[in-house]
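Chemist: query21.cif is reproduced in full below (mmCIF, C-alpha atoms).
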```
data_start
#
loop_
_atom_site.label_atom_id
_atom_site.label_comp_id
_atom_site.auth_asym_id
_atom_site.auth_seq_id
_atom_site.Cartn_x
_atom_site.Cartn_y
_atom_site.Cartn_z
CA MET A 55 0.00 0.00 0.00
CA GLU A 56 2.83 2.41 0.82
CA GLU A 57 4.39 1.75 -2.61
CA ASP A 58 1.06 2.39 -4.35
CA LYS A 59 0.66 5.66 -2.48
CA GLU A 60 4.13 6.77 -3.50
CA ARG A 61 3.43 5.99 -7.13
CA SER A 62 0.17 7.93 -7.17
CA GLU A 63 1.45 11.10 -5.48
CA PRO A 64 3.31 12.65 -8.47
CA THR A 65 0.12 12.72 -10.58
CA ARG A 66 -1.95 14.53 -7.93
CA GLU A 67 -3.73 17.74 -8.95
CA TYR A 68 -1.93 20.96 -8.21
CA THR A 69 -3.28 23.01 -5.32
CA PRO A 70 -3.19 26.84 -5.14
CA HIS A 71 -0.07 26.44 -3.01
CA ASP A 72 1.69 24.42 -5.73
CA GLU A 73 0.87 26.96 -8.43
CA ALA A 74 1.81 30.02 -6.37
CA PHE A 75 5.05 28.44 -5.20
CA LYS A 76 5.96 27.42 -8.74
CA LYS A 77 5.36 30.98 -9.98
CA LEU A 78 7.58 32.30 -7.20
CA LEU A 79 10.44 30.04 -8.31
CA GLN A 80 9.91 30.93 -11.96
CA THR A 81 9.91 34.68 -11.30
CA PHE A 82 12.72 34.76 -8.74
CA PHE A 83 14.89 31.80 -9.72
CA ALA A 84 18.20 33.66 -9.35
CA GLU A 85 17.13 35.13 -6.01
CA PHE A 86 16.14 31.67 -4.74
CA ILE A 87 19.54 30.20 -5.61
CA GLU A 88 21.35 33.19 -4.13
CA LEU A 89 19.41 32.94 -0.87
CA PHE A 90 19.80 29.24 -0.13
CA PHE A 91 22.77 28.14 -2.25
CA PRO A 92 25.23 31.05 -2.50
CA HIS A 93 28.07 28.70 -3.53
CA VAL A 94 26.03 27.65 -6.57
CA HIS A 95 24.88 31.20 -7.24
CA GLU A 96 28.46 32.35 -7.74
CA LEU A 97 28.94 29.86 -10.59
CA LEU A 98 25.89 30.60 -12.72
CA ASP A 99 25.39 33.06 -15.57
CA TYR A 100 21.70 33.93 -15.25
CA SER A 101 21.65 35.90 -18.50
CA GLN A 102 21.73 32.51 -20.23
CA THR A 103 18.82 31.03 -18.28
CA ARG A 104 15.71 29.65 -19.92
CA PHE A 105 12.87 27.46 -18.72
CA LEU A 106 12.46 24.15 -20.51
CA MET A 107 9.17 22.56 -21.39
CA GLN A 108 7.80 20.28 -18.68
CA GLU A 109 9.30 16.86 -19.19
CA GLN A 110 7.48 13.62 -18.63
CA LEU A 111 9.77 10.83 -17.52
CA VAL A 112 9.00 7.13 -17.33
CA ASP A 113 9.97 5.38 -14.10
CA VAL A 114 12.36 2.46 -13.94
CA VAL A 115 9.72 -0.18 -14.59
CA GLY A 116 7.82 1.85 -17.17
CA GLU A 117 4.54 1.87 -15.26
CA GLN A 118 4.16 5.53 -14.36
CA ALA A 119 4.72 8.87 -16.10
CA LEU A 120 6.42 11.34 -13.77
CA THR A 121 6.35 15.07 -14.46
CA LEU A 122 9.12 17.40 -13.31
CA ASP A 123 7.99 20.57 -11.55
CA LEU A 124 10.61 22.99 -12.88
CA LEU A 125 13.55 22.45 -15.21
CA LEU A 126 15.91 25.25 -16.22
CA GLU A 127 18.91 25.54 -18.47
CA THR A 128 21.67 28.00 -17.63
CA LYS A 129 25.45 28.31 -18.04
CA TYR A 130 28.61 28.41 -15.99
CA LYS A 131 30.24 31.80 -15.73
CA GLY A 132 33.19 32.15 -18.06
CA GLU A 133 32.72 28.71 -19.60
CA ASP A 134 30.91 27.43 -22.65
CA ALA A 135 29.15 24.79 -20.56
CA TYR A 136 25.42 24.34 -20.05
CA VAL A 137 23.89 23.33 -16.73
CA LEU A 138 20.47 21.86 -15.93
CA VAL A 139 18.77 22.85 -12.67
CA HIS A 140 15.85 20.71 -11.53
CA LEU A 141 13.68 22.26 -8.79
CA GLU A 142 11.21 19.97 -7.03
CA PRO A 143 9.00 21.43 -4.26
CA GLN A 144 7.79 18.75 -1.84
CA SER A 145 4.79 19.58 0.35
CA TYR A 146 4.07 16.11 1.75
CA ARG A 147 6.11 13.37 3.42
CA GLY A 148 7.06 10.43 1.25
CA SER A 149 9.35 7.66 2.45
CA ARG A 150 10.61 7.05 -1.10
CA PHE A 151 10.93 10.63 -2.32
CA HIS A 152 14.72 10.33 -2.48
CA GLU A 153 14.33 7.36 -4.83
CA ARG A 154 12.03 9.39 -7.07
CA MET A 155 14.63 12.18 -7.20
CA PHE A 156 17.18 9.61 -8.37
CA VAL A 157 14.79 8.41 -11.08
CA TYR A 158 14.38 12.03 -12.23
CA PHE A 159 18.14 12.52 -12.24
CA SER A 160 18.89 9.32 -14.13
CA ARG A 161 16.33 10.12 -16.83
CA LEU A 162 17.63 13.66 -17.19
CA PHE A 163 21.18 12.34 -17.45
CA GLU A 164 20.08 9.87 -20.09
CA ARG A 165 18.45 12.60 -22.19
CA HIS A 166 20.74 15.58 -21.66
CA ARG A 167 24.24 14.34 -20.89
CA LYS A 168 25.59 15.27 -24.34
CA ARG A 169 24.63 18.94 -24.04
CA HIS A 170 24.84 19.61 -20.32
CA LYS A 171 27.98 19.38 -18.25
CA LEU A 172 26.12 19.17 -14.93
CA ILE A 173 22.64 18.46 -13.57
CA ILE A 174 21.79 20.11 -10.25
CA PRO A 175 18.76 18.54 -8.50
CA ILE A 176 17.21 20.63 -5.70
CA ALA A 177 14.32 19.67 -3.43
CA ILE A 178 12.41 22.32 -1.48
CA PHE A 179 10.64 20.78 1.51
CA THR A 180 7.69 23.00 2.40
CA MET A 181 5.80 20.77 4.84
CA ASP A 182 5.63 21.78 8.48
CA HIS A 183 8.28 20.38 10.82
CA ALA A 184 10.55 19.13 8.02
CA ARG A 185 13.77 18.00 9.68
CA ASP A 186 16.66 16.01 8.25
CA GLU A 187 14.69 14.81 5.23
CA VAL A 188 16.53 12.07 3.32
CA ASN A 189 18.39 13.53 0.32
CA SER A 190 20.68 10.69 -0.72
CA LEU A 191 20.57 7.19 -2.13
CA LYS A 192 23.35 4.66 -1.58
CA MET A 193 23.93 1.16 -2.90
CA ALA A 194 26.77 -1.03 -1.67
CA VAL A 195 28.00 -4.58 -1.89
CA SER A 196 30.33 -6.19 0.61
CA GLY A 197 30.86 -2.82 2.26
CA ARG A 198 31.89 -1.17 -1.02
CA THR A 199 29.84 1.66 -2.45
CA VAL A 200 28.74 1.13 -6.03
CA LEU A 201 26.40 4.12 -6.18
CA TYR A 202 26.04 7.30 -4.16
CA PHE A 203 23.51 9.93 -5.26
CA ARG A 204 22.84 13.14 -3.32
CA PHE A 205 20.63 16.11 -4.16
CA LEU A 206 20.59 19.61 -2.68
CA LYS A 207 17.74 20.46 -0.34
CA VAL A 208 16.08 23.29 1.55
CA GLU A 209 13.95 22.55 4.60
CA LEU A 210 12.03 25.79 5.14
CA SER A 211 10.84 24.91 8.64
CA SER A 212 14.49 24.37 9.65
CA GLN A 213 15.50 27.90 8.63
CA HIS A 214 15.31 30.42 11.48
CA TRP A 215 13.40 33.53 10.41
CA ARG A 216 15.76 36.02 12.13
CA ARG A 217 18.56 35.06 9.71
CA PHE A 218 16.66 36.68 6.85
CA ILE A 219 15.04 39.85 8.23
CA ASP A 220 17.79 42.15 6.95
CA SER A 221 17.66 40.63 3.49
CA ASP A 222 16.30 42.44 0.44
CA ASN A 223 15.73 39.10 -1.27
CA PRO A 224 12.08 38.78 -2.42
CA VAL A 225 12.11 35.00 -1.84
CA ALA A 226 13.05 35.56 1.81
CA ALA A 227 10.08 37.90 2.21
CA ALA A 228 7.66 35.48 0.54
CA LEU A 229 8.77 32.53 2.69
CA LEU A 230 9.50 34.22 6.02
CA ALA A 231 6.26 33.04 7.63
CA LYS A 232 7.07 29.46 6.60
CA MET A 233 10.36 29.45 8.49
CA ARG A 234 11.03 28.46 12.08
CA TYR A 235 9.61 30.63 14.86
CA ASN A 236 7.55 30.13 18.02
CA GLU A 237 4.08 31.37 18.91
CA SER A 238 5.38 34.35 20.89
CA GLU A 239 7.20 35.64 17.80
CA ILE A 240 4.23 35.75 15.41
CA ARG A 241 3.78 39.52 15.57
CA GLU A 242 7.53 40.07 15.23
CA VAL A 243 7.60 37.89 12.13
CA ARG A 244 4.75 39.84 10.55
CA PHE A 245 6.42 43.14 11.44
CA ALA A 246 9.70 41.97 9.86
CA TYR A 247 7.83 40.79 6.76
CA LEU A 248 6.14 44.17 6.27
CA ARG A 249 9.48 45.91 6.84
CA MET A 250 10.92 43.78 4.03
CA LEU A 251 8.01 44.74 1.77
CA LEU A 252 8.78 48.40 2.38
CA ARG A 253 12.30 47.90 1.10
CA LEU A 254 11.25 45.71 -1.82
CA ARG A 255 8.63 48.20 -2.97
CA ARG A 256 11.44 50.54 -3.96
CA LYS A 257 12.70 48.10 -6.59
CA LEU A 258 9.79 45.81 -7.58
CA ASP A 259 6.67 46.54 -9.62
CA ASP A 260 3.23 45.92 -8.14
CA ALA A 261 2.71 42.65 -10.00
CA LYS A 262 5.85 41.07 -8.52
CA LEU A 263 5.06 42.50 -5.10
CA ALA A 264 1.58 40.99 -5.32
CA LEU A 265 3.12 37.61 -6.13
CA ILE A 266 5.29 37.79 -3.01
CA MET A 267 2.28 38.74 -0.91
CA SER A 268 0.11 35.97 -2.35
CA VAL A 269 2.71 33.32 -1.45
CA ALA A 270 3.33 34.80 2.02
CA ASP A 271 -0.39 34.86 2.75
CA LEU A 272 -0.60 31.11 2.12
CA TYR A 273 1.39 30.67 5.32
CA ASN A 274 0.28 33.67 7.36
CA LYS A 275 -3.18 34.95 6.56
CA CYS A 276 -3.09 38.70 6.85
CA ASP A 277 -5.38 40.75 9.07
CA ILE A 278 -5.73 44.11 7.32
CA ARG A 279 -6.44 46.01 10.54
CA GLU A 280 -3.48 44.39 12.28
CA ASP A 281 -1.28 45.20 9.29
CA GLU A 282 -2.45 48.81 9.34
CA SER A 283 -1.37 48.98 12.98
CA LEU A 284 1.98 47.40 12.17
CA LEU A 285 2.55 49.74 9.22
CA GLN A 286 1.76 52.74 11.39
CA GLU A 287 4.31 51.44 13.87
CA LEU A 288 6.79 50.99 11.03
CA GLY A 289 6.19 54.57 9.88
CA GLU A 290 6.92 55.85 13.38
CA LYS A 291 10.00 53.70 13.80
CA TYR A 292 11.37 54.45 10.33
CA PRO A 293 10.13 57.98 9.52
CA GLU A 294 12.44 58.19 6.52
CA GLU A 295 10.24 55.60 4.85
CA GLY A 296 6.94 57.31 5.62
CA ASP A 297 6.18 57.85 1.93
CA ILE A 298 6.65 54.14 1.22
CA VAL A 299 4.34 53.24 4.11
CA ASP A 300 1.65 55.45 2.57
CA LYS A 301 2.09 53.72 -0.78
CA LEU A 302 2.08 50.20 0.62
CA MET A 303 -1.41 50.27 2.10
CA PRO A 304 -3.13 50.63 -1.30
CA ALA A 305 -1.76 47.18 -2.11
CA TRP A 306 -4.77 45.96 -0.10
CA SER A 307 -7.15 48.48 -1.69
CA LYS A 308 -8.89 48.57 -5.04
CA GLU A 309 -6.68 51.39 -6.26
CA GLY A 310 -3.51 49.47 -5.45
CA TYR A 311 -4.64 46.29 -7.14
CA GLU A 312 -5.81 48.23 -10.20
CA LYS A 313 -2.40 49.85 -10.55
CA GLY A 314 -0.66 46.48 -10.21
CA ILE A 315 -2.90 44.96 -12.86
CA LYS A 316 -2.19 47.76 -15.35
CA GLU A 317 1.56 47.53 -14.87
CA GLY A 318 1.41 43.74 -15.18
CA ILE A 319 -0.48 44.01 -18.45
CA GLU A 320 1.98 46.58 -19.82
CA GLN A 321 4.85 44.18 -19.10
CA GLY A 322 3.02 41.22 -20.61
CA MET A 323 2.96 39.47 -17.24
CA GLU A 324 -0.10 37.28 -17.56
CA HIS A 325 0.81 35.39 -14.40
CA GLY A 326 1.02 38.71 -12.54
CA VAL A 327 -2.54 39.56 -13.59
CA GLU A 328 -3.79 36.20 -12.40
CA THR A 329 -1.94 36.47 -9.08
CA VAL A 330 -3.39 39.88 -8.31
CA ALA A 331 -6.88 38.76 -9.38
CA ILE A 332 -6.63 35.83 -6.96
CA ASN A 333 -5.50 38.17 -4.19
CA MET A 334 -8.43 40.49 -4.85
CA LEU A 335 -10.87 37.59 -4.62
CA ARG A 336 -9.27 36.38 -1.40
CA GLU A 337 -9.76 39.84 0.09
CA GLY A 338 -13.47 39.51 -0.59
CA MET A 339 -13.68 41.94 -3.51
CA ASP A 340 -16.69 41.64 -5.78
CA PRO A 341 -16.05 39.34 -8.79
CA ASP A 342 -17.74 41.87 -11.10
CA PHE A 343 -15.23 44.51 -10.00
CA VAL A 344 -12.32 42.08 -10.47
CA SER A 345 -13.59 41.32 -13.97
CA LYS A 346 -13.89 45.03 -14.77
CA VAL A 347 -10.38 45.86 -13.54
CA THR A 348 -8.61 42.91 -15.20
CA GLY A 349 -10.61 42.87 -18.39
CA TRP A 350 -11.05 39.13 -17.94
CA PRO A 351 -14.53 37.61 -18.59
CA GLU A 352 -16.72 36.90 -15.60
CA GLN A 353 -16.60 33.16 -16.33
CA LYS A 354 -12.80 33.14 -16.02
CA ILE A 355 -12.97 35.09 -12.75
CA ALA A 356 -15.57 32.61 -11.47
CA GLU A 357 -13.22 29.73 -12.29
CA LEU A 358 -10.37 31.43 -10.43
CA ARG A 359 -12.61 32.00 -7.45
CA LYS A 360 -13.63 28.36 -7.38
CA ARG A 361 -10.06 27.07 -7.75
CA PHE A 362 -8.11 29.41 -5.50
CA THR A 363 -10.42 30.66 -2.75
CA LYS A 364 -12.28 28.94 -0.01
#
```
Mind turning the file's structure into structure tokens?
Modeler:
Amino acid sequence: MEEDKERSEPTREYTPHDEAFKKLLQTFFAEFIELFFPHVHELLDYSQTRFLMQEQLVDVVGEQALTLDLLLETKYKGEDAYVLVHLEPQSYRGSRFHERMFVYFSRLFERHRKRHKLIIPIAIFTMDHARDEVNSLKMAVSGRTVLYFRFLKVELSSQHWRRFIDSDNPVAAALLAKMRYNESEIREVRFAYLRMLLRLRRKLDDAKLALIMSVADLYNKCDIREDESLLQELGEKYPEEGDIVDKLMPAWSKEGYEKGIKEGIEQGMEHGVETVAINMLREGMDPDFVSKVTGWPEQKIAELRKRFTK
């Protein structure tokens, strides 16, 4: 039964969390690598990065089609060598996940070894209380290793939130509430998150900021009144950023969302439009108004509401 469960998991339907998290990695791939794997970040030339089509891989016995979450091609700095980066978010516990990662790696190696010098597999464990998740596979005979496979991993619940509060990395802001903290620190975490948004607003457009907020709110549902109180406190503590505080609040208002939508459209960011539309619906805004602002038909807005809101 355990084996059957493991086989069926990869074909499960995506949840709003899966989609939002995937968009975060797509939009801020370089920032994700820089935040959690600085040694890898130093080696990559992101100007050469492109997303590859989703690949379907057949498992070792040919019974199940497995689909990779995210596959990117990039290059080493200063070298004419291509690199594949496989990102695999994992939101549930699976005793054989490490074996599945090896299957992914072996199939990628089989298909891409002629063009790519290196394949970098990375697992992002997003489930609560992830600790020391298995990230290697070893085979040995008579005490001698014949195979040793190891993939990189991030366990978000093992990362202490205070390590990231001075960061201007958008991924750190989006995932701060998913990191390790205790109940007495909840307000501090939210305060630090809003402080990070203040800094990020100086360099990000509204569509990207809305994406960060939509992911963060999956882990820490915002209370607008509480946030207003925290932002007022931020304005008093950091008076030099008072103008940014005034501009941040409309991100929860109709005017702020409308501005983010328009900028997203101008930049051709279809996913930004969808993200902000979902946020508007989650804040209880009327679907007719969302349809009017986005220009999307009411039927499409109704589908979003059904899929991404409770």
Chemist: To one decimal in Å, tell me the separation between CA of Ser221 in chain A and CA of Met250 in chain A.
Modeler: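 We find that CA of Ser221 in chain A and CA of Met250 in chain A lie 7.5 Å from each other.
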Chemist: Report as a list of chain:residue names all protein, DNA and RNA residues lying within 10 Å of Pro143 in chain A, evaluated on all atoms listed in the file, omitting residues in the same chain fewer than 6 positions from it.
Modeler: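 Non-adjacent residues within range: A:Asp72, A:Phe75, A:Lys76, A:Leu79, A:Leu122, A:Asp123, A:Leu124, A:Ile176, A:Ala177, A:Ile178, A:Phe179, A:Thr180, A:Met181, A:Lys207, A:Val208.
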Chemist: Expressed in Å to a single decimal, how great is the separation between CA of Leu358 in chain A and CA of Lys262 in chain A?
Modeler: 19.0 Å
Chemist: What does the distance from CA of Arg150 in chain A to CA of Gln80 in chain A come to in Å, to one decimal?
Modeler: 26.2 Å
Chemist: Choose the residue, out of A:Gly338, A:Pro92, A:Gly148, A:Gly132, that has the smallest atom-to-atom separation from Val188 in chain A; count only C-alpha atoms.
Modeler: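 With only C-alpha atoms as the atom set, the closest residue is A:Gly148.
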Chemist: Could you pull the residues within 12 Å of Leu229 in chain A, counting all atoms listed in the file, minus those fewer than 2 positions along the same chain, as a ChimeraX atom specification?
Modeler: /A:74-75,78-79,86,89-90,178-180,208-211,213-215,218-219,223-227,231-234,243-244,246-247,250,265-274
Chemist: Can you pull out the residues contacting Asp342 in chain A? Cut-off 10 Å, using all atoms listed in the file, and skip same-chain residues under 6 positions away; I want them as a VMD selection string.
Modeler: chain A and resid 350 to 352 355 to 356
Chemist: Which residues match the PyMOL selection byres ((chain A and resi 190) around 8) in the file above, as number ranges by chain?
Modeler: A: 152, 188-189, 191-192, 202-205
Chemist: How would the residues just picked look written out with C-alpha atoms as an mmCIF file, keeping the file's coordinate frame?
Modeler:
```cif
data_model
loop_
_atom_site.group_PDB
_atom_site.id
_atom_site.type_symbol
_atom_site.label_atom_id
_atom_site.label_comp_id
_atom_site.auth_asym_id
_atom_site.auth_seq_id
_atom_site.Cartn_x
_atom_site.Cartn_y
_atom_site.Cartn_z
ATOM 1 C CA HIS A 152 14.720 10.330 -2.480
ATOM 2 C CA VAL A 188 16.530 12.070 3.320
ATOM 3 C CA ASN A 189 18.390 13.530 0.320
ATOM 4 C CA LEU A 191 20.570 7.190 -2.130
ATOM 5 C CA LYS A 192 23.350 4.660 -1.580
ATOM 6 C CA TYR A 202 26.040 7.300 -4.160
ATOM 7 C CA PHE A 203 23.510 9.930 -5.260
ATOM 8 C CA ARG A 204 22.840 13.140 -3.320
ATOM 9 C CA PHE A 205 20.630 16.110 -4.160
#
```
Chemist: As AutoDock Vina command-line options, please: the centre and edge lengths in Å, to one decimal, of an axis-aligned box enclosing every listed atom of range 138-145 of chain A with 6 Å added on each side.
Modeler:
```
--center_x 12.6 --center_y 20.8 --center_z -7.8 --size_x 27.7 --size_y 16.1 --size_z 28.3
```
